[in-house]
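Note: the block below is upload-v1.txt and it holds compact mmCIF, C-alpha atoms.
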# COMPACT_ATOMS: atom_id res chain seq x y z
CA MET V 1 0.00 0.00 0.00
CA PHE V 2 3.04 2.30 -0.41
CA GLY V 3 2.25 5.98 -1.02
CA PRO V 4 -1.53 5.90 -1.64
CA GLU V 5 -4.32 7.77 0.11
CA LEU V 6 -5.46 5.79 3.16
CA SER V 7 -8.94 7.27 3.72
CA LYS V 8 -10.69 4.44 1.83
CA ILE V 9 -8.96 1.65 3.76
CA THR V 10 -10.59 0.11 6.83
CA MET V 11 -8.02 -0.01 9.64
CA PRO V 12 -8.08 -2.53 12.54
CA ILE V 13 -9.49 -1.05 15.76
CA VAL V 14 -6.19 -1.59 17.65
CA PHE V 15 -4.85 1.51 15.86
CA ASN V 16 -7.68 3.69 17.25
CA GLU V 17 -8.26 5.86 20.29
CA PRO V 18 -11.83 6.08 21.69
CA LEU V 19 -12.74 9.43 20.11
CA SER V 20 -14.15 10.41 16.74
CA PHE V 21 -12.18 12.80 14.51
CA LEU V 22 -14.99 15.32 15.15
CA GLN V 23 -14.14 15.18 18.85
CA ARG V 24 -10.43 15.50 18.05
CA ILE V 25 -11.19 18.72 16.12
CA SER V 26 -12.93 20.18 19.18
CA GLU V 27 -9.57 19.97 20.98
CA TYR V 28 -8.60 23.11 19.05
CA MET V 29 -10.66 24.88 21.74
CA GLU V 30 -8.64 23.71 24.75
CA HIS V 31 -6.87 27.09 25.02
CA THR V 32 -9.90 29.31 24.24
CA TYR V 33 -8.60 31.86 26.77
CA LEU V 34 -6.10 32.94 24.07
CA ILE V 35 -8.93 33.97 21.71
CA GLN V 36 -10.56 35.90 24.57
CA LYS V 37 -7.22 37.56 25.31
CA ALA V 38 -6.90 38.60 21.63
CA CYS V 39 -10.41 40.09 21.78
CA SER V 40 -9.31 42.30 24.70
CA GLN V 41 -6.02 43.56 23.16
CA SER V 42 -6.04 46.99 21.51
CA ASP V 43 -2.83 46.61 19.44
CA SER V 44 -3.16 44.56 16.22
CA ILE V 45 0.42 43.16 16.40
CA GLU V 46 -0.21 41.97 19.96
CA ARG V 47 -3.46 40.37 18.76
CA MET V 48 -1.57 38.60 15.96
CA GLN V 49 0.95 37.26 18.51
CA THR V 50 -1.91 35.85 20.60
CA VAL V 51 -3.70 34.38 17.55
CA ALA V 52 -0.38 32.76 16.49
CA ALA V 53 -0.05 31.25 19.98
CA PHE V 54 -3.62 29.96 19.67
CA ALA V 55 -2.86 28.40 16.25
CA VAL V 56 0.11 26.54 17.79
CA SER V 57 -1.84 25.57 20.94
CA ALA V 58 -4.62 24.14 18.73
CA VAL V 59 -2.30 21.37 17.48
CA ALA V 60 -0.43 20.83 20.78
CA SER V 61 -2.75 18.02 21.91
CA GLN V 62 -1.31 15.88 19.05
CA TRP V 63 1.86 15.37 21.10
CA ASP V 64 2.27 11.62 21.76
CA ARG V 65 -1.30 10.98 20.51
CA THR V 66 -0.39 8.02 18.33
CA GLY V 67 -3.89 6.47 18.39
CA LYS V 68 -5.98 7.16 15.30
CA PRO V 69 -9.37 8.80 15.95
CA PHE V 70 -12.37 6.95 14.50
CA ASN V 71 -13.39 8.08 11.02
CA PRO V 72 -16.72 9.90 11.44
CA LEU V 73 -19.73 8.37 9.68
CA LEU V 74 -21.43 10.54 7.07
CA GLY V 75 -23.92 12.75 8.93
CA GLU V 76 -22.25 12.21 12.32
CA THR V 77 -22.25 15.32 14.55
CA TYR V 78 -20.60 16.51 17.74
CA GLU V 79 -21.61 19.37 19.97
CA LEU V 80 -19.66 20.83 22.86
CA THR V 81 -20.79 23.65 25.13
CA ARG V 82 -18.29 24.87 27.71
CA GLU V 83 -19.81 27.68 29.77
CA ASP V 84 -16.64 27.83 31.90
CA GLN V 85 -14.65 28.66 28.74
CA GLY V 86 -17.39 30.72 27.11
CA PHE V 87 -18.02 28.86 23.84
CA ARG V 88 -20.23 26.33 22.06
CA LEU V 89 -19.23 24.18 19.08
CA ILE V 90 -21.07 22.11 16.49
CA SER V 91 -19.36 19.88 13.92
CA GLU V 92 -20.67 17.57 11.19
CA GLN V 93 -19.18 15.00 8.83
CA VAL V 94 -20.30 16.59 5.57
CA SER V 95 -18.58 14.24 3.09
CA HIS V 96 -17.38 10.63 3.21
CA HIS V 97 -15.19 10.41 0.07
CA PRO V 98 -13.22 12.59 0.47
CA PRO V 99 -13.73 12.67 4.27
CA ILE V 100 -14.53 16.29 5.22
CA SER V 101 -15.36 17.47 8.74
CA ALA V 102 -16.88 20.94 9.18
CA PHE V 103 -16.97 22.80 12.50
CA HIS V 104 -18.34 26.07 13.81
CA THR V 105 -17.59 27.56 17.25
CA GLU V 106 -19.13 30.71 18.63
CA SER V 107 -18.45 32.72 21.76
CA LEU V 108 -21.34 32.67 24.25
CA ALA V 109 -20.69 36.40 24.76
CA GLY V 110 -20.73 37.10 21.00
CA ASP V 111 -17.02 38.08 20.87
CA PHE V 112 -15.77 35.65 18.23
CA VAL V 113 -16.56 32.94 15.70
CA PHE V 114 -14.06 30.18 14.84
CA HIS V 115 -14.85 27.84 11.96
CA GLY V 116 -13.44 25.66 9.22
CA SER V 117 -13.56 22.40 7.31
CA ILE V 118 -10.79 19.80 7.49
CA TYR V 119 -9.96 17.09 4.97
CA PRO V 120 -7.16 15.01 6.55
CA LYS V 121 -5.34 13.38 3.64
CA LEU V 122 -3.41 10.34 4.93
CA LYS V 123 -0.46 8.72 3.20
CA PHE V 124 1.50 5.60 4.12
CA TRP V 125 5.27 5.73 3.59
CA GLY V 126 6.38 2.27 4.74
CA LYS V 127 7.44 3.07 8.31
CA SER V 128 5.30 6.18 8.81
CA VAL V 129 1.85 7.67 8.15
CA GLU V 130 1.66 11.32 7.10
CA ALA V 131 -1.48 13.44 7.51
CA GLU V 132 -1.93 16.58 5.44
CA PRO V 133 -4.76 18.60 7.03
CA LYS V 134 -6.21 20.24 3.94
CA GLY V 135 -8.77 22.96 4.63
CA THR V 136 -8.86 26.55 5.88
CA ILE V 137 -9.44 27.67 9.46
CA THR V 138 -11.01 31.09 10.09
CA LEU V 139 -11.12 33.15 13.29
CA GLU V 140 -13.30 36.27 13.38
CA LEU V 141 -12.93 38.80 16.20
CA HIS V 142 -16.14 40.85 16.14
CA LYS V 143 -15.02 43.75 18.36
CA HIS V 144 -12.06 44.50 16.07
CA LYS V 145 -13.92 43.61 12.83
CA GLU V 146 -11.00 41.29 12.01
CA ALA V 147 -10.70 37.90 10.33
CA TYR V 148 -7.65 35.63 10.46
CA THR V 149 -7.18 32.53 8.29
CA TRP V 150 -4.60 29.71 8.28
CA THR V 151 -4.09 26.00 7.57
CA ASN V 152 -2.56 23.51 10.00
CA PRO V 153 0.91 21.89 9.62
CA PHE V 154 1.56 18.35 8.37
CA CYS V 155 1.57 15.63 11.03
CA CYS V 156 3.55 12.37 10.81
CA VAL V 157 3.42 9.25 12.99
CA HIS V 158 6.70 7.30 12.79
CA ASN V 159 7.50 3.61 13.47
CA ILE V 160 4.00 2.32 12.82
CA ILE V 161 5.33 -1.19 12.07
CA LEU V 162 8.10 -1.58 14.64
CA GLY V 163 9.67 0.47 17.44
CA LYS V 164 8.35 3.32 19.60
CA LEU V 165 5.64 5.40 17.92
CA TRP V 166 6.42 9.13 17.84
CA ILE V 167 4.90 12.21 16.24
CA GLU V 168 6.30 15.25 14.50
CA GLN V 169 4.55 18.21 12.89
CA TYR V 170 6.17 20.20 10.12
CA GLY V 171 5.47 22.72 7.38
CA THR V 172 4.78 26.43 7.05
CA VAL V 173 1.68 27.94 8.62
CA GLU V 174 0.71 31.40 7.31
CA ILE V 175 -1.76 33.39 9.41
CA VAL V 176 -3.24 36.36 7.55
CA ASN V 177 -5.15 39.25 9.16
CA HIS V 178 -7.49 40.15 6.28
CA SER V 179 -8.42 43.51 7.85
CA THR V 180 -4.93 44.97 8.46
CA GLY V 181 -2.79 43.07 5.93
CA GLU V 182 -0.50 41.84 8.73
CA LYS V 183 0.84 38.33 8.42
CA CYS V 184 2.47 35.76 10.67
CA VAL V 185 4.64 33.04 9.11
CA LEU V 186 5.36 30.07 11.38
CA ASN V 187 7.80 27.34 10.41
CA PHE V 188 7.11 24.02 12.18
CA LYS V 189 10.54 22.45 11.79
CA PRO V 190 11.05 18.83 10.76
CA CYS V 191 13.08 16.79 13.23
CA GLY V 192 16.23 16.71 11.05
CA MET V 193 19.04 14.16 11.01
CA PHE V 194 20.20 14.73 14.60
CA GLY V 195 16.85 15.42 16.28
CA LYS V 196 17.97 18.98 17.12
CA GLU V 197 14.90 20.65 15.61
CA LEU V 198 12.30 18.25 17.05
CA HIS V 199 9.03 20.10 17.91
CA ARG V 200 10.58 23.53 17.21
CA VAL V 201 8.48 26.37 15.80
CA GLU V 202 10.02 29.62 14.60
CA GLY V 203 8.56 32.53 12.71
CA TYR V 204 7.85 36.22 12.51
CA ILE V 205 5.06 38.78 12.23
CA GLN V 206 5.23 41.39 9.48
CA ASP V 207 3.09 44.48 8.95
CA LYS V 208 1.41 45.31 5.64
CA SER V 209 4.60 47.00 4.38
CA LYS V 210 6.41 43.65 5.07
CA LYS V 211 8.49 45.06 7.94
CA LYS V 212 9.25 42.41 10.59
CA CYS V 213 7.64 43.51 13.86
CA CYS V 214 8.56 40.57 16.07
CA VAL V 215 9.98 37.06 16.08
CA ILE V 216 8.04 34.14 17.55
CA TYR V 217 9.80 30.97 18.73
CA GLY V 218 9.34 27.93 20.95
CA LYS V 219 8.09 24.35 20.74
CA TRP V 220 4.54 23.24 19.96
CA THR V 221 4.87 20.69 22.78
CA GLU V 222 5.85 23.28 25.40
CA CYS V 223 5.55 27.04 24.99
CA MET V 224 5.77 29.99 22.59
CA TRP V 225 7.63 33.29 23.11
CA SER V 226 7.93 36.57 21.19
CA VAL V 227 10.92 38.90 21.02
CA ASP V 228 12.09 42.00 19.13
CA PRO V 229 13.72 41.01 15.77
CA GLN V 230 16.97 42.94 16.51
CA VAL V 231 17.33 41.26 19.92
CA TYR V 232 16.72 37.91 18.23
CA GLU V 233 19.37 38.49 15.52
CA ALA V 234 21.93 39.70 18.09
CA HIS V 235 21.27 36.57 20.17
CA ARG V 236 21.70 34.33 17.10
CA LYS V 237 25.07 35.94 16.30
CA LEU V 238 26.27 35.39 19.88
CA GLU V 239 25.03 31.80 19.73
CA LYS V 240 26.96 31.14 16.51
CA ARG V 241 30.12 32.64 17.95
CA GLY V 242 29.92 30.50 21.06
CA THR V 243 29.04 27.19 19.41
CA THR V 244 31.11 24.23 20.42
CA ASP V 245 31.63 21.08 18.42
CA THR V 246 28.76 18.87 19.60
CA ARG V 247 28.77 16.20 16.91
CA LYS V 248 26.02 13.64 17.15
CA GLN V 249 25.37 10.34 15.50
CA LYS V 250 23.34 10.61 12.31
CA GLN V 251 20.10 8.67 12.73
CA ASP V 252 17.55 6.83 10.66
CA ALA V 253 14.69 9.11 9.51
CA ASP V 254 12.06 7.16 11.47
CA GLU V 255 14.08 6.51 14.61
CA MET V 256 12.80 8.30 17.70
CA PRO V 257 15.22 11.20 18.37
CA GLU V 258 16.44 11.96 21.88
CA VAL V 259 14.40 14.77 23.40
CA GLN V 260 16.67 17.80 23.31
CA GLU V 261 16.88 20.52 25.97
CA THR V 262 13.73 22.59 26.42
CA VAL V 263 13.29 26.04 24.88
CA ALA V 264 16.21 28.39 25.61
CA VAL V 265 14.54 31.73 26.40
CA ILE V 266 16.15 34.82 24.85
CA PRO V 267 16.43 37.68 27.40
CA GLY V 268 13.68 40.28 26.79
CA SER V 269 11.18 37.72 25.46
CA THR V 270 7.46 37.72 26.31
CA LEU V 271 5.67 34.44 27.05
CA LEU V 272 2.66 33.96 24.72
CA TRP V 273 1.48 30.48 25.74
CA ARG V 274 2.50 27.50 27.85
CA ILE V 275 1.02 24.01 27.46
CA SER V 276 -1.16 22.63 30.29
CA SER V 277 0.32 19.60 32.03
CA ARG V 278 -1.34 16.25 31.35
CA PRO V 279 -2.99 14.13 34.04
CA PRO V 280 -0.63 11.68 35.81
CA HIS V 281 -2.33 8.59 34.29
CA SER V 282 -2.41 10.05 30.74
CA ALA V 283 0.04 7.44 29.33
CA GLU V 284 -2.43 4.63 30.18
CA MET V 285 -5.30 6.65 28.67
CA TYR V 286 -4.12 7.08 25.05
CA ASN V 287 -2.02 10.12 26.13
CA PHE V 288 -5.21 12.18 26.47
CA THR V 289 -5.13 15.70 27.91
CA ASN V 290 -7.55 16.64 30.71
CA PHE V 291 -9.68 18.34 28.03
CA ALA V 292 -9.74 15.25 25.76
CA MET V 293 -10.79 13.00 28.65
CA THR V 294 -14.07 14.91 29.03
CA LEU V 295 -15.11 14.84 25.35
CA ASN V 296 -17.00 11.53 25.26
CA GLU V 297 -18.64 11.94 28.67
CA LEU V 298 -22.37 11.22 28.54
CA GLU V 299 -23.75 13.07 31.54
CA PRO V 300 -27.18 12.28 33.05
CA GLY V 301 -29.97 13.90 31.01
CA MET V 302 -27.69 14.57 28.04
CA GLU V 303 -29.23 11.84 25.86
CA GLY V 304 -32.55 13.67 25.76
CA VAL V 305 -30.86 16.87 24.52
CA LEU V 306 -28.21 15.67 22.04
CA ALA V 307 -28.87 15.14 18.35
CA PRO V 308 -29.29 11.39 17.62
CA THR V 309 -26.18 11.64 15.39
CA ASP V 310 -23.84 12.84 18.20
CA CYS V 311 -20.53 10.93 18.61
CA ARG V 312 -21.26 10.27 22.29
CA LEU V 313 -24.06 7.92 21.18
CA ARG V 314 -21.82 5.97 18.78
CA PRO V 315 -21.69 2.36 20.05
CA ASP V 316 -18.23 1.30 18.78
CA ILE V 317 -16.45 4.27 20.41
CA ARG V 318 -18.41 3.76 23.65
CA ALA V 319 -17.51 0.03 23.72
CA MET V 320 -13.83 0.84 23.19
CA GLU V 321 -13.89 3.46 25.96
CA ASN V 322 -15.40 0.81 28.26
CA GLY V 323 -12.57 -1.61 27.37
CA ASN V 324 -14.73 -4.00 25.27
CA ILE V 325 -12.43 -4.21 22.24
CA ASP V 326 -14.15 -7.21 20.59
CA GLU V 327 -17.57 -5.57 20.88
CA ALA V 328 -16.12 -2.28 19.57
CA SER V 329 -14.69 -4.11 16.54
CA ILE V 330 -18.03 -5.84 15.77
CA GLU V 331 -19.94 -2.54 16.17
CA LYS V 332 -17.45 -0.64 13.97
CA GLU V 333 -17.92 -3.23 11.21
CA ARG V 334 -21.74 -3.08 11.58
CA LEU V 335 -21.78 0.73 11.35
CA GLU V 336 -19.50 0.77 8.30
CA GLU V 337 -21.69 -1.86 6.60
CA LYS V 338 -24.84 0.15 7.43
CA GLN V 339 -23.19 3.23 5.89
CA ARG V 340 -22.27 1.29 2.72
CA ALA V 341 -25.83 -0.08 2.41
CA SER V 342 -27.29 3.44 2.77
CA ARG V 343 -24.93 4.73 0.07
CA LYS V 344 -25.98 1.92 -2.32
CA GLU V 345 -29.65 2.64 -1.60
CA ARG V 346 -29.19 6.35 -2.41
CA ALA V 347 -27.29 5.51 -5.63
CA LYS V 348 -30.10 3.15 -6.68
CA ASP V 349 -32.73 5.86 -6.11
CA GLY V 350 -30.55 8.55 -7.72
CA GLU V 351 -30.47 10.56 -4.49
CA ASP V 352 -27.65 12.83 -3.35
CA TRP V 353 -26.67 13.08 0.31
CA SER V 354 -27.87 16.33 1.89
CA THR V 355 -25.99 17.80 4.85
CA ARG V 356 -27.98 18.96 7.87
CA TRP V 357 -26.16 21.87 9.52
CA PHE V 358 -23.57 23.05 6.96
CA GLN V 359 -23.64 23.91 3.28
CA LEU V 360 -20.91 24.28 0.68
CA GLY V 361 -20.17 27.93 0.01
CA THR V 362 -17.29 30.39 -0.38
CA ASN V 363 -15.08 31.61 2.42
CA PRO V 364 -15.60 35.41 2.26
CA TYR V 365 -11.96 36.12 3.19
CA THR V 366 -10.01 33.62 1.07
CA GLY V 367 -12.47 33.19 -1.80
CA SER V 368 -11.91 29.42 -1.58
CA GLN V 369 -14.56 26.73 -1.20
CA ASP V 370 -15.63 26.19 2.42
CA TRP V 371 -18.39 24.48 4.41
CA LEU V 372 -20.36 27.16 6.25
CA TYR V 373 -22.73 26.69 9.20
CA THR V 374 -26.38 27.32 8.26
CA GLY V 375 -27.47 27.83 11.89
CA GLY V 376 -30.32 26.38 13.90
CA TYR V 377 -28.59 23.43 15.58
CA PHE V 378 -29.10 24.74 19.12
CA ASP V 379 -32.86 25.18 18.50
CA ARG V 380 -32.87 21.38 19.07
CA LYS V 381 -35.16 20.51 16.15
CA TYR V 382 -33.69 17.21 14.99
CA THR V 383 -36.53 15.97 12.74
CA ASP V 384 -34.41 15.58 9.58
CA CYS V 385 -31.43 13.83 11.23
CA PRO V 386 -30.35 10.59 9.52
CA ASP V 387 -30.38 7.21 11.32
CA ILE V 388 -26.66 6.37 11.27
CA TYR V 389 -26.16 4.21 14.38
Rewritten as structure tokens:
Amino acid sequence: MFGPELSKITMPIVFNEPLSFLQRISEYMEHTYLIQKACSQSDSIERMQTVAAFAVSAVASQWDRTGKPFNPLLGETYELTREDQGFRLISEQVSHHPPISAFHTESLAGDFVFHGSIYPKLKFWGKSVEAEPKGTITLELHKHKEAYTWTNPFCCVHNIILGKLWIEQYGTVEIVNHSTGEKCVLNFKPCGMFGKELHRVEGYIQDKSKKKCCVIYGKWTECMWSVDPQVYEAHRKLEKRGTTDTRKQKQDADEMPEVQETVAVIPGSTLLWRISSRPPHSAEMYNFTNFAMTLNELEPGMEGVLAPTDCRLRPDIRAMENGNIDEASIEKERLEEKQRASRKERAKDGEDWSTRWFQLGTNPYTGSQDWLYTGGYFDRKYTDCPDIY
């Protein structure tokens, strides 16, 4: 299966973690306080720094998460309301081939909207699986009449056949403020031959005249800092002058690199974000964060409120969470077969699938195709929801 797209291949359940990809997307919201901080900042460069920190924090939960989330069924939904963090989210699986997940988050106070559609393109490269998260993410800050857009970095899981599984993220993330013309360019660095660049992120913010206003640096697994560009350059020169010969053994591209020293903070830097520590038993729980552990919780009374298509009601994920792997595997197969039968039935009748909460439109800021929320989910009228479980 070398090199092809993996989305059409059914994977054994042992590769999974007990969450749907729709629930994994909601983990972007773990550090919502950063969006709220950006809303309160009066300076646009400071806001861009905070939005950049949020964009990095949104992918930080991937660290050591080597389990594959369940592919959502067509029509599957997930809602999450967090009054303590001031937001509510709705997501829907709007397409099966290619698999596209659309999400829409709004501030309960009306300060912001955060939305996008993700098409995770998976490729198998022998020892590793690479995920390219195609799709645009948009953050709108209403108070400042601003919109920011970006796409996430590539993600790669190494040693899927043999050895310790490990994850790296790499690629360039460009965050554009469509109101001011300011831009942030973040370079998620690939690990490299000696593991020196593992998890590192470096970049800069430029104003509309392309003048560098600040440098941003850190690790997506730890923290992000900002510093004046001149201070940064002076520090780099000093670093180069004082380098000693620390030769290391060249390593195989998929071999787990040694974790290097944590982020060396340049004097005069400002902390933008620091990762929350994980619960002590996280390693036995699929390396979940505290936030991730709450996502599949079915609280008393919730069943009467949720849409019948919500991930929390999905029997294979629930069985896996409860430790019933055989039952989870049987249920996963049953659900996939039910989905195939529905697709054949629609093809026979010449019917197209119609989405429930999102429709295909144009992103007003990028001009590209995007799935946009049509509204009405929280009115709780679920009459047209498909029977997918």
Atom CA of V:Ile45 to atom CA of V:Tyr28 measures 22.1 Å
- Message: If we count all atoms listed in the file and set the cut-off at 8 Å, which residues sit around stretch 269-272 of chain V, ignoring sequence neighbours fewer than 2 positions away in its own chain? Please answer as a PyMOL selection string.
- Response: chain V and resi 49-50+53+223-228+265-267+274
| Given the choices V:Asp370, V:Glu46, V:Leu73, V:Lys121, which gets closest to V:Val215 if the distance is worked out from all atoms listed in the file? |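 Comparing V:Asp370, V:Glu46, V:Leu73, V:Lys121 against V:Val215, the winner is V:Glu46.
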_Neighbouring residues of V:Lys37 were defined as those with any atom within 12 Å, considering all atoms listed in the file; residues of the same chain fewer than 3 positions away were excluded. Please report them as a ChimeraX atom specification._
/V:31-34,40-43,46-51,53-54,111-112,141,272-273
Any chance you can output those residues with C-alpha atoms as an mmCIF file, in the frame of the given file?
data_model
loop_
_atom_site.group_PDB
_atom_site.id
_atom_site.type_symbol
_atom_site.label_atom_id
_atom_site.label_comp_id
_atom_site.auth_asym_id
_atom_site.auth_seq_id
_atom_site.Cartn_x
_atom_site.Cartn_y
_atom_site.Cartn_z
ATOM 1 C CA HIS V 31 -6.870 27.090 25.020
ATOM 2 C CA THR V 32 -9.900 29.310 24.240
ATOM 3 C CA TYR V 33 -8.600 31.860 26.770
ATOM 4 C CA LEU V 34 -6.100 32.940 24.070
ATOM 5 C CA SER V 40 -9.310 42.300 24.700
ATOM 6 C CA GLN V 41 -6.020 43.560 23.160
ATOM 7 C CA SER V 42 -6.040 46.990 21.510
ATOM 8 C CA ASP V 43 -2.830 46.610 19.440
ATOM 9 C CA GLU V 46 -0.210 41.970 19.960
ATOM 10 C CA ARG V 47 -3.460 40.370 18.760
ATOM 11 C CA MET V 48 -1.570 38.600 15.960
ATOM 12 C CA GLN V 49 0.950 37.260 18.510
ATOM 13 C CA THR V 50 -1.910 35.850 20.600
ATOM 14 C CA VAL V 51 -3.700 34.380 17.550
ATOM 15 C CA ALA V 53 -0.050 31.250 19.980
ATOM 16 C CA PHE V 54 -3.620 29.960 19.670
ATOM 17 C CA ASP V 111 -17.020 38.080 20.870
ATOM 18 C CA PHE V 112 -15.770 35.650 18.230
ATOM 19 C CA LEU V 141 -12.930 38.800 16.200
ATOM 20 C CA LEU V 272 2.660 33.960 24.720
ATOM 21 C CA TRP V 273 1.480 30.480 25.740
#
Q.
Between atom CA of V:Val14 and atom CA of V:Asp64, what distance in Å does the model show, to one decimal?
A.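 Atom-to-atom, atom CA of V:Val14 to atom CA of V:Asp64, that is 16.2 Å.
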query = If you measure from atom CA of V:Tyr389 to atom CA of V:Ile100, what distance in Å do you get, rounded to one decimal?
reply =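 Atom-to-atom, atom CA of V:Tyr389 and atom CA of V:Ile100 are spaced 19.1 Å apart.
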Show me the residues around (-17.4, 11.9, 29.7) - criterion: an atom at most 12 Å away, only C-alpha atoms counted - as a compact mmCIF listing (two decimals) with C-alpha atoms, keeping the file's coordinate frame.
# COMPACT_ATOMS: atom_id res chain seq x y z
CA PRO V 18 -11.83 6.08 21.69
CA LEU V 19 -12.74 9.43 20.11
CA GLN V 23 -14.14 15.18 18.85
CA LEU V 80 -19.66 20.83 22.86
CA ASN V 290 -7.55 16.64 30.71
CA PHE V 291 -9.68 18.34 28.03
CA ALA V 292 -9.74 15.25 25.76
CA MET V 293 -10.79 13.00 28.65
CA THR V 294 -14.07 14.91 29.03
CA LEU V 295 -15.11 14.84 25.35
CA ASN V 296 -17.00 11.53 25.26
CA GLU V 297 -18.64 11.94 28.67
CA LEU V 298 -22.37 11.22 28.54
CA GLU V 299 -23.75 13.07 31.54
CA PRO V 300 -27.18 12.28 33.05
CA MET V 302 -27.69 14.57 28.04
CA CYS V 311 -20.53 10.93 18.61
CA ARG V 312 -21.26 10.27 22.29
CA LEU V 313 -24.06 7.92 21.18
CA ARG V 318 -18.41 3.76 23.65
CA GLU V 321 -13.89 3.46 25.96
CA ASN V 322 -15.40 0.81 28.26
Within 12 Å of (-11.2, 37.0, 8.9) in the file's own coordinates, which protein, DNA or RNA residues have an atom, counting all atoms listed in the file? List them as a PyMOL selection string. chain V and resi 51+112-116+136-142+144-150+175-182+363-367
Would you kindly return, as a ChimeraX atom specification, each protein, DNA or RNA residue with an atom no farther than 9 Å from any atom of V:Gln169, considering all atoms listed in the file and excluding same-chain residues fewer than 3 positions away?
/V:59,62,153-156,188-191,198-199,220
Kindly export the residues of the current selection with C-alpha atoms, as a compact mmCIF listing (two decimals), in the frame of the given file.
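The file below, part-v9.txt, is the result:
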# COMPACT_ATOMS: atom_id res chain seq x y z
CA VAL V 59 -2.30 21.37 17.48
CA GLN V 62 -1.31 15.88 19.05
CA PRO V 153 0.91 21.89 9.62
CA PHE V 154 1.56 18.35 8.37
CA CYS V 155 1.57 15.63 11.03
CA CYS V 156 3.55 12.37 10.81
CA PHE V 188 7.11 24.02 12.18
CA LYS V 189 10.54 22.45 11.79
CA PRO V 190 11.05 18.83 10.76
CA CYS V 191 13.08 16.79 13.23
CA LEU V 198 12.30 18.25 17.05
CA HIS V 199 9.03 20.10 17.91
CA TRP V 220 4.54 23.24 19.96
Counting all atoms listed in the file, what are the residues of stretch 21-81 of chain V within 12 Å of stretch 334-342 of chain V, and for each of them which pair of atoms is the nearest and at what distance in Å, to one decimal? Sort the table by chain and rising number, as JSON lines.
{"residue": "V:Phe70", "atom": "CA", "partner": "V:Glu336", "partner_atom": "CA", "distance": 11.3}
{"residue": "V:Asn71", "atom": "CA", "partner": "V:Glu336", "partner_atom": "CA", "distance": 9.9}
{"residue": "V:Pro72", "atom": "CA", "partner": "V:Glu336", "partner_atom": "CA", "distance": 10.0}
{"residue": "V:Leu73", "atom": "CA", "partner": "V:Gln339", "partner_atom": "CA", "distance": 7.3}
{"residue": "V:Leu74", "atom": "CA", "partner": "V:Gln339", "partner_atom": "CA", "distance": 7.6}
{"residue": "V:Gly75", "atom": "CA", "partner": "V:Gln339", "partner_atom": "CA", "distance": 10.0}
{"residue": "V:Glu76", "atom": "CA", "partner": "V:Gln339", "partner_atom": "CA", "distance": 11.1}
Generate a file of the selected residues that holds C-alpha atoms, formatted as a CSV table (one decimal), keeping the file's coordinate frame.
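Contents of out-v3.csv, freshly written:
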chain,number,residue,atom,x,y,z
V,70,PHE,CA,-12.4,7.0,14.5
V,71,ASN,CA,-13.4,8.1,11.0
V,72,PRO,CA,-16.7,9.9,11.4
V,73,LEU,CA,-19.7,8.4,9.7
V,74,LEU,CA,-21.4,10.5,7.1
V,75,GLY,CA,-23.9,12.8,8.9
V,76,GLU,CA,-22.2,12.2,12.3
Minimum-distance residue to V:Ile216, chosen among V:Leu122, V:Val94, V:Ala52, V:Val173 (using all atoms listed in the file) =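 Nearest to V:Ile216: V:Ala52.
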For V:Ser20, the closest of V:Glu92, V:Glu351, V:Glu168, V:Glu130 counting all atoms listed in the file is V:Glu92
| query | Got a sec: who's within 10 Å of V:His104, counting all atoms listed in the file, leaving out chain neighbours fewer than 5 positions off, as a list of chain:residue names? | reply |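 Here the qualifying residues turn out to be V:Ser26, V:Glu79, V:Arg88, V:Leu89, V:Ile90, V:Ser91, V:Glu92, V:Val113, V:Phe114, V:His115, V:Gly116, V:Ser117, V:Thr138, V:Trp357, V:Phe358, V:Trp371, V:Leu372, V:Tyr373, V:Thr374, V:Gly375.
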### Task
Pick out the closest residue to V:Thr77 from this set: V:Pro386, V:Gly171, V:Pro98, V:Pro120. Count only C-alpha atoms.
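For V:Thr77, the nearest of the candidates is V:Pro386.
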- Contacts of V:Thr221 at 7 Å (all atoms listed in the file; same-chain gap of 4+ positions) as a list in words: Ala60, Trp63, His199 and Ile275 of chain V
Discussion item. Using all atoms listed in the file for the distances, tell me which of V:Gly192, V:Gly86, V:Pro99, V:Gly135 is nearest to V:Phe21.
Written reply: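 Selected residue with least distance to V:Phe21: V:Pro99.
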